[in-house]
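This is model08.tsv (TSV, C-alpha atoms and all ligand atoms).
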chain	number	residue	atom	x	y	z
W	1	MET	CA	2.62	-218.42	-50.19
W	2	GLN	CA	3.89	-220.85	-47.55
W	3	LEU	CA	7.63	-221.43	-47.91
W	4	ASP	CA	9.71	-223.94	-46.00
W	5	LYS	CA	13.34	-223.66	-45.04
W	6	GLY	CA	15.61	-224.88	-47.82
W	7	GLU	CA	13.06	-224.49	-50.60
W	8	THR	CA	13.93	-222.53	-53.72
W	9	VAL	CA	11.55	-219.82	-54.90
W	10	ILE	CA	11.62	-217.42	-57.83
W	11	VAL	CA	10.20	-213.91	-57.53
W	12	SER	CA	9.56	-211.98	-60.76
W	13	ALA	CA	10.00	-208.18	-60.71
W	14	ALA	CA	12.08	-208.82	-57.61
W	15	ALA	CA	13.12	-205.19	-57.15
W	16	GLY	CA	9.65	-203.71	-57.65
W	17	GLY	CA	7.22	-202.38	-55.08
W	18	VAL	CA	5.83	-205.80	-54.17
W	19	GLY	CA	8.78	-207.93	-55.23
W	20	SER	CA	11.32	-206.10	-53.07
W	21	LEU	CA	9.31	-207.04	-49.97
W	22	ALA	CA	8.45	-210.55	-51.20
W	23	VAL	CA	12.13	-211.48	-51.63
W	24	GLN	CA	13.01	-210.33	-48.11
W	25	LEU	CA	10.09	-212.21	-46.53
W	26	ALA	CA	11.00	-215.34	-48.50
W	27	ARG	CA	14.58	-215.09	-47.22
W	28	ARG	CA	13.28	-214.72	-43.66
W	29	ALA	CA	11.35	-217.97	-44.18
W	30	GLY	CA	14.68	-219.65	-44.93
W	31	ALA	CA	14.18	-220.09	-48.67
W	32	THR	CA	16.78	-219.76	-51.38
W	33	VAL	CA	15.46	-216.85	-53.42
W	34	ILE	CA	16.07	-216.17	-57.10
W	35	GLY	CA	15.02	-212.65	-58.08
W	36	LEU	CA	14.30	-211.73	-61.68
W	37	ALA	CA	15.46	-208.17	-62.34
W	38	SER	CA	17.54	-206.15	-64.75
W	39	GLN	CA	21.25	-205.74	-64.16
W	40	HIS	CA	21.09	-202.40	-62.37
W	41	ASN	CA	19.12	-204.01	-59.54
W	42	HIS	CA	21.34	-207.05	-59.08
W	43	GLU	CA	23.71	-205.58	-56.49
W	44	CYS	CA	20.83	-204.42	-54.31
W	45	LEU	CA	19.20	-207.86	-54.46
W	46	GLN	CA	22.47	-209.50	-53.53
W	47	THR	CA	22.71	-207.35	-50.39
W	48	HIS	CA	19.46	-209.01	-49.31
W	49	GLY	CA	20.84	-212.49	-49.95
W	50	VAL	CA	18.90	-212.90	-53.20
W	51	ILE	CA	20.38	-214.60	-56.28
W	52	PRO	CA	19.74	-212.14	-59.10
W	53	VAL	CA	18.88	-213.42	-62.57
W	54	ALA	CA	18.29	-211.15	-65.58
W	55	TYR	CA	14.90	-211.50	-67.24
W	56	GLY	CA	14.43	-211.54	-71.03
W	57	ASP	CA	15.75	-213.88	-73.74
W	58	GLY	CA	17.44	-216.94	-72.26
W	59	VAL	CA	15.91	-216.52	-68.80
W	60	THR	CA	14.93	-220.21	-68.59
W	61	ASP	CA	18.53	-221.34	-69.07
W	62	ARG	CA	19.82	-218.76	-66.60
W	63	ILE	CA	17.31	-219.94	-63.98
W	64	LYS	CA	18.28	-223.57	-64.51
W	65	ALA	CA	21.96	-222.63	-64.11
W	66	ALA	CA	21.17	-220.73	-60.89
W	67	ALA	CA	19.01	-223.56	-59.49
W	68	PRO	CA	20.32	-226.90	-60.77
W	69	SER	CA	18.25	-228.81	-58.17
W	70	GLY	CA	14.99	-227.29	-59.39
W	71	ILE	CA	12.42	-224.71	-58.31
W	72	ASP	CA	9.84	-225.35	-55.57
W	73	ALA	CA	7.71	-222.23	-55.86
W	74	PHE	CA	7.16	-219.15	-58.03
W	75	ILE	CA	5.83	-215.77	-56.95
W	76	ASP	CA	4.89	-213.64	-59.95
W	77	THR	CA	4.60	-209.92	-59.26
W	78	HIS	CA	4.89	-208.89	-62.90
W	79	GLY	CA	2.58	-210.86	-65.21
W	80	GLY	CA	3.11	-211.28	-68.93
W	81	GLY	CA	4.07	-214.93	-69.20
W	82	TYR	CA	5.65	-215.77	-65.83
W	83	VAL	CA	2.91	-218.25	-64.90
W	84	GLU	CA	3.69	-220.16	-68.10
W	85	LEU	CA	7.41	-219.95	-67.32
W	86	ALA	CA	6.80	-221.38	-63.85
W	87	LEU	CA	4.82	-224.28	-65.32
W	88	ALA	CA	7.53	-224.90	-67.93
W	89	LEU	CA	10.09	-225.05	-65.10
W	90	GLY	CA	8.05	-227.84	-63.52
W	91	VAL	CA	6.69	-225.89	-60.54
W	92	ALA	CA	3.50	-227.46	-59.15
W	93	VAL	CA	0.32	-225.51	-59.89
W	94	GLU	CA	-0.42	-225.05	-56.17
W	95	ARG	CA	3.04	-223.52	-55.60
W	96	ILE	CA	2.59	-220.77	-58.20
W	97	ASP	CA	1.13	-217.45	-57.09
W	98	THR	CA	0.53	-214.44	-59.33
W	99	ILE	CA	-0.72	-211.03	-58.24
W	100	ALA	CA	-0.67	-209.64	-61.75
W	101	ASP	CA	-1.85	-212.20	-64.33
W	102	PHE	CA	-5.42	-213.15	-63.47
W	103	ALA	CA	-6.15	-214.53	-66.94
W	104	ALA	CA	-3.32	-217.05	-66.59
W	105	ALA	CA	-4.44	-217.86	-63.05
W	106	ALA	CA	-7.94	-218.66	-64.28
W	107	LYS	CA	-6.56	-220.68	-67.19
W	108	TYR	CA	-4.11	-222.82	-65.22
W	109	GLY	CA	-5.65	-222.77	-61.72
W	110	VAL	CA	-2.67	-221.15	-59.99
W	111	LYS	CA	-3.05	-218.98	-56.89
W	112	THR	CA	-3.79	-215.24	-56.82
W	113	GLU	CA	-3.15	-214.63	-53.14
W	114	PRO	CA	-3.83	-212.44	-51.31
W	115	GLY	CA	-6.45	-211.52	-53.95
W	116	THR	CA	-8.78	-208.56	-53.94
W	117	ASN	CA	-11.13	-209.97	-51.27
W	118	ALA	CA	-8.50	-211.13	-48.81
W	119	ARG	CA	-6.38	-208.13	-47.89
W	120	PRO	CA	-4.06	-208.73	-44.93
W	121	GLY	CA	-5.66	-207.80	-41.63
W	122	ALA	CA	-4.39	-205.50	-38.89
W	123	GLU	CA	-2.43	-208.33	-37.28
W	124	VAL	CA	-0.33	-209.00	-40.39
W	125	LEU	CA	0.18	-205.28	-41.02
W	126	ALA	CA	1.32	-204.82	-37.41
W	127	GLU	CA	3.77	-207.71	-37.82
W	128	LEU	CA	5.20	-206.12	-40.97
W	129	ALA	CA	5.37	-202.67	-39.35
W	130	ALA	CA	7.32	-204.15	-36.44
W	131	LEU	CA	9.79	-205.82	-38.82
W	132	ILE	CA	10.29	-202.48	-40.61
W	133	ALA	CA	10.66	-200.55	-37.35
W	134	ASP	CA	13.23	-203.05	-36.08
W	135	GLY	CA	15.23	-202.82	-39.31
W	136	HIS	CA	14.53	-206.42	-40.36
W	137	LEU	CA	12.55	-205.42	-43.45
W	138	GLU	CA	13.62	-202.64	-45.82
W	139	VAL	CA	11.01	-200.72	-47.82
W	140	PRO	CA	12.89	-199.08	-50.69
W	141	ILE	CA	11.35	-195.70	-51.59
W	142	ALA	CA	11.87	-194.92	-55.27
W	143	ASN	CA	10.36	-191.44	-55.12
W	144	VAL	CA	8.11	-189.15	-53.07
W	145	TYR	CA	5.53	-186.93	-54.78
W	146	PRO	CA	3.15	-184.34	-53.35
W	147	LEU	CA	-0.49	-185.32	-53.95
W	148	THR	CA	-0.77	-182.52	-56.54
W	149	GLN	CA	1.71	-184.49	-58.70
W	150	VAL	CA	-0.27	-187.73	-58.61
W	151	ARG	CA	-0.25	-187.87	-62.41
W	152	GLN	CA	3.57	-187.82	-62.52
W	153	ALA	CA	3.65	-190.53	-59.84
W	154	TYR	CA	1.46	-192.81	-61.94
W	155	THR	CA	3.45	-192.01	-65.07
W	156	GLU	CA	6.60	-193.18	-63.28
W	157	LEU	CA	4.81	-196.29	-61.99
W	158	GLU	CA	3.53	-197.16	-65.46
W	159	ARG	CA	7.12	-197.32	-66.78
W	160	ARG	CA	7.39	-200.50	-64.68
W	161	HIS	CA	10.99	-199.98	-63.65
W	162	THR	CA	10.46	-198.55	-60.19
W	163	HIS	CA	12.79	-199.85	-57.52
W	164	GLY	CA	10.53	-200.16	-54.47
W	165	LYS	CA	7.58	-197.96	-53.60
W	166	ILE	CA	6.39	-194.56	-54.76
W	167	VAL	CA	5.03	-192.41	-51.93
W	168	LEU	CA	2.27	-189.82	-52.35
W	169	ARG	CA	2.38	-187.12	-49.67
W	170	PRO	CA	-1.02	-185.50	-49.01
N	201	LIG	N1	-3.25	-208.45	-56.44
N	201	LIG	C1	-2.75	-207.64	-55.53
N	201	LIG	O1	-3.05	-207.74	-54.34
N	201	LIG	C2	-1.74	-206.61	-55.94
N	201	LIG	C3	-1.20	-205.71	-55.02
N	201	LIG	C4	-0.23	-204.81	-55.43
N	201	LIG	C5	0.16	-204.80	-56.78
N	201	LIG	N2	-0.42	-205.64	-57.65
N	201	LIG	C6	0.01	-205.70	-59.06
N	201	LIG	O2	1.28	-206.34	-59.03
N	201	LIG	C7	2.10	-205.83	-60.06
N	201	LIG	C8	3.39	-205.36	-59.46
N	201	LIG	O3	3.19	-204.16	-58.74
N	201	LIG	P1	4.47	-203.36	-58.25
N	201	LIG	O4	4.00	-202.09	-57.65
N	201	LIG	O5	5.38	-204.22	-57.49
N	201	LIG	O6	5.14	-203.07	-59.67
N	201	LIG	P2	6.34	-202.21	-60.00
N	201	LIG	O7	6.98	-201.72	-58.73
N	201	LIG	O8	5.90	-201.19	-60.99
N	201	LIG	O9	7.32	-203.21	-60.73
N	201	LIG	C9	8.45	-202.64	-61.25
N	201	LIG	C10	9.47	-203.73	-61.42
N	201	LIG	O10	9.11	-204.55	-62.55
N	201	LIG	C11	10.32	-205.02	-63.10
N	201	LIG	N3	10.14	-205.44	-64.47
N	201	LIG	C12	9.88	-204.67	-65.57
N	201	LIG	N4	9.76	-205.45	-66.65
N	201	LIG	C13	9.95	-206.76	-66.23
N	201	LIG	C14	9.95	-208.01	-66.88
N	201	LIG	N5	9.72	-208.13	-68.19
N	201	LIG	N6	10.17	-209.12	-66.13
N	201	LIG	C15	10.41	-209.04	-64.80
N	201	LIG	N7	10.42	-207.87	-64.13
N	201	LIG	C16	10.19	-206.75	-64.85
N	201	LIG	C17	11.27	-203.88	-62.96
N	201	LIG	O11	12.55	-204.44	-62.84
N	201	LIG	P3	13.83	-203.72	-63.41
N	201	LIG	O12	13.76	-202.27	-62.98
N	201	LIG	O13	14.92	-204.49	-62.76
N	201	LIG	O14	13.79	-203.84	-64.90
N	201	LIG	C18	10.83	-203.16	-61.68
N	201	LIG	O15	11.68	-203.44	-60.58
N	201	LIG	C19	1.30	-204.77	-60.78
N	201	LIG	O16	0.69	-205.38	-61.89
N	201	LIG	C20	0.25	-204.37	-59.74
N	201	LIG	O17	-0.92	-203.89	-60.36
N	201	LIG	C21	-1.34	-206.56	-57.27
Would you mind writing the structure in this file as structure tokens?
Amino acid sequence: MQLDKGETVIVSAAAGGVGSLAVQLARRAGATVIGLASQHNHECLQTHGVIPVAYGDGVTDRIKAAAPSGIDAFIDTHGGGYVELALALGVAVERIDTIADFAAAAKYGVKTEPGTNARPGAEVLAELAALIADGHLEVPIANVYPLTQVRQAYTELERRHTHGKIVLRP
């Protein structure tokens, strides 16, 4: 998703494995970032310059209050109705990207980047690694499991309340 300085973007599941990186990269692009997350993740999002908004009942009104001038783009890392929410908020189809709701993407024609056939290449990964090494990008680690506990790792992931990444150690 291309973001310009001064644009306003929403990221759903903003404290999750993908969302926690997406919000930081969007901030680096100069965007105003609204992150949808439950209350216990709000402080952490704020430390990254993100405006936290609680998801659930009333989310549309809370977003409108947080962004009275409107929303330019929507990055959905959760699925389950966020593409429809983005459309209802008036975000243009070409500025909506979901990595989780492929049925909605097919229905409405929104983006699914990077998609399963367009993984980032070595150059992009090197750029991200350098940002992490230099302390410009934080990768929150929710938990570390030995490979023998892969089942427990997936059980935790399936609860869908992980803050950041789960690491499997071979
Ligand atoms: N297409 C691709 O290239 C690609 C790549 C990686 C992942 N994915 C997919 O992307 C999705 C996200 O992966 P992930 O690893 O980032 O997930 P994740 O870490 O498991 O996401 C957990 C986050 O979801 C939030 N959450 C739970 N219920 C929510 C709701 N109703 N609305 C908004 N946020 C909610 C939680 O927030 P709170 O704790 O604050 O409640 C938590 O921070 C998955 O479906 C995964 O399969 C796709």
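For the pair atom CA of W:Ala22 and atom CA of W:Arg160, the interatomic distance is 16.8 Å.
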With only C-alpha atoms and all ligand atoms counted and 8 Å as the cut-off, give the residues of chain W in contact with ligand LIG 201 (chain N), each with its shortest interatomic distance in Å and the pair that gives it, as CSV.
residue,atom,partner,partner_atom,distance
W:Ser12,CA,N:LIG201,C15,5.1
W:Ala13,CA,N:LIG201,N7,3.5
W:Ala14,CA,N:LIG201,O15,6.2
W:Ala15,CA,N:LIG201,O15,4.1
W:Gly16,CA,N:LIG201,O7,3.5
W:Gly17,CA,N:LIG201,O5,3.5
W:Val18,CA,N:LIG201,O5,3.7
W:Gly19,CA,N:LIG201,O5,5.5
W:Ser20,CA,N:LIG201,O5,7.6
W:Leu36,CA,N:LIG201,C15,5.7
W:Ala37,CA,N:LIG201,O13,3.7
W:Ser38,CA,N:LIG201,O13,3.7
W:Gln39,CA,N:LIG201,O13,6.6
W:His40,CA,N:LIG201,O13,6.5
W:Asn41,CA,N:LIG201,O13,5.3
W:His42,CA,N:LIG201,O13,7.8
W:Ala54,CA,N:LIG201,O13,8.0
W:Tyr55,CA,N:LIG201,N6,5.4
W:Gly56,CA,N:LIG201,N5,6.5
W:Thr77,CA,N:LIG201,C8,4.7
W:His78,CA,N:LIG201,C7,5.0
W:Gly79,CA,N:LIG201,O16,6.7
W:Gly80,CA,N:LIG201,N5,7.4
W:Thr98,CA,N:LIG201,N1,7.6
W:Ile99,CA,N:LIG201,N1,4.0
W:Ala100,CA,N:LIG201,O16,4.5
W:Asp101,CA,N:LIG201,O16,7.7
W:Thr112,CA,N:LIG201,N1,6.8
W:Glu113,CA,N:LIG201,O1,7.0
W:Pro114,CA,N:LIG201,O1,5.6
W:Gly115,CA,N:LIG201,N1,5.1
W:Thr116,CA,N:LIG201,O1,5.8
W:Arg119,CA,N:LIG201,O1,7.3
W:Leu157,CA,N:LIG201,O8,5.1
W:Glu158,CA,N:LIG201,O8,6.5
W:Arg159,CA,N:LIG201,O8,7.1
W:Arg160,CA,N:LIG201,O8,4.0
W:His161,CA,N:LIG201,O12,3.7
W:Thr162,CA,N:LIG201,C9,4.7
W:His163,CA,N:LIG201,O15,4.8
W:Gly164,CA,N:LIG201,O7,5.8
W:Lys165,CA,N:LIG201,O7,6.4
- From the list W:Asp97, W:Pro120, W:Ile34, W:Gln149, which residue is nearest W:Gln46 when using only C-alpha atoms?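 For W:Gln46, the nearest of the given residues is W:Ile34.
Checking W:Ala88, W:Val144, W:Leu168, W:Ile75 one by one against W:Thr60, counting all atoms listed in the file, you find the shortest gap at W:Ala88.
Straight-line separation from atom CA of W:Gly70 to atom CA of W:Val50: 16.1 Å.
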- Query: So, counting all atoms listed in the file, which residue among W:Ala106, W:Met1, W:Val11, W:Val167 is closest to W:Pro146?
  - Reply: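 That would be W:Val167, the residue with the smallest distance to W:Pro146.
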- Item | Nearest-residue call for W:Leu25, choices W:Leu3, W:Cys44, W:Ala130, W:Ala86, using all atoms listed in the file |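 Of the candidates, the smallest distance to W:Leu25 is held by W:Leu3.
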- How many Å separate atom CA of W:Gln24 from atom CA of W:Glu7? 14.4 Å
Could you give me, as a compact mmCIF listing (two decimals) with C-alpha atoms, in the coordinates of the input, the residues within 10 Å of W:Thr148, counting only C-alpha atoms and dropping anything in the same chain fewer than 4 positions from it?
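That gives us selection_38.txt:
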# COMPACT_ATOMS: atom_id res chain seq x y z
CA GLN W 152 3.57 -187.82 -62.52
CA ALA W 153 3.65 -190.53 -59.84
CA LEU W 168 2.27 -189.82 -52.35
CA ARG W 169 2.38 -187.12 -49.67
CA PRO W 170 -1.02 -185.50 -49.01
- Message: Using all atoms listed in the file for the distances, tell me which of W:Arg62, W:Gly90, W:Phe74, W:Pro52 is nearest to W:Ala26.
- Response: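 With all atoms listed in the file as the atom set, the closest residue is W:Phe74.
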- Pick from W:Glu156, W:Asp134, W:Glu84, W:Asp72, whichever lies nearest to W:Asp4 using only C-alpha atoms: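 Ranked by minimum distance to W:Asp4, first place goes to W:Asp72.
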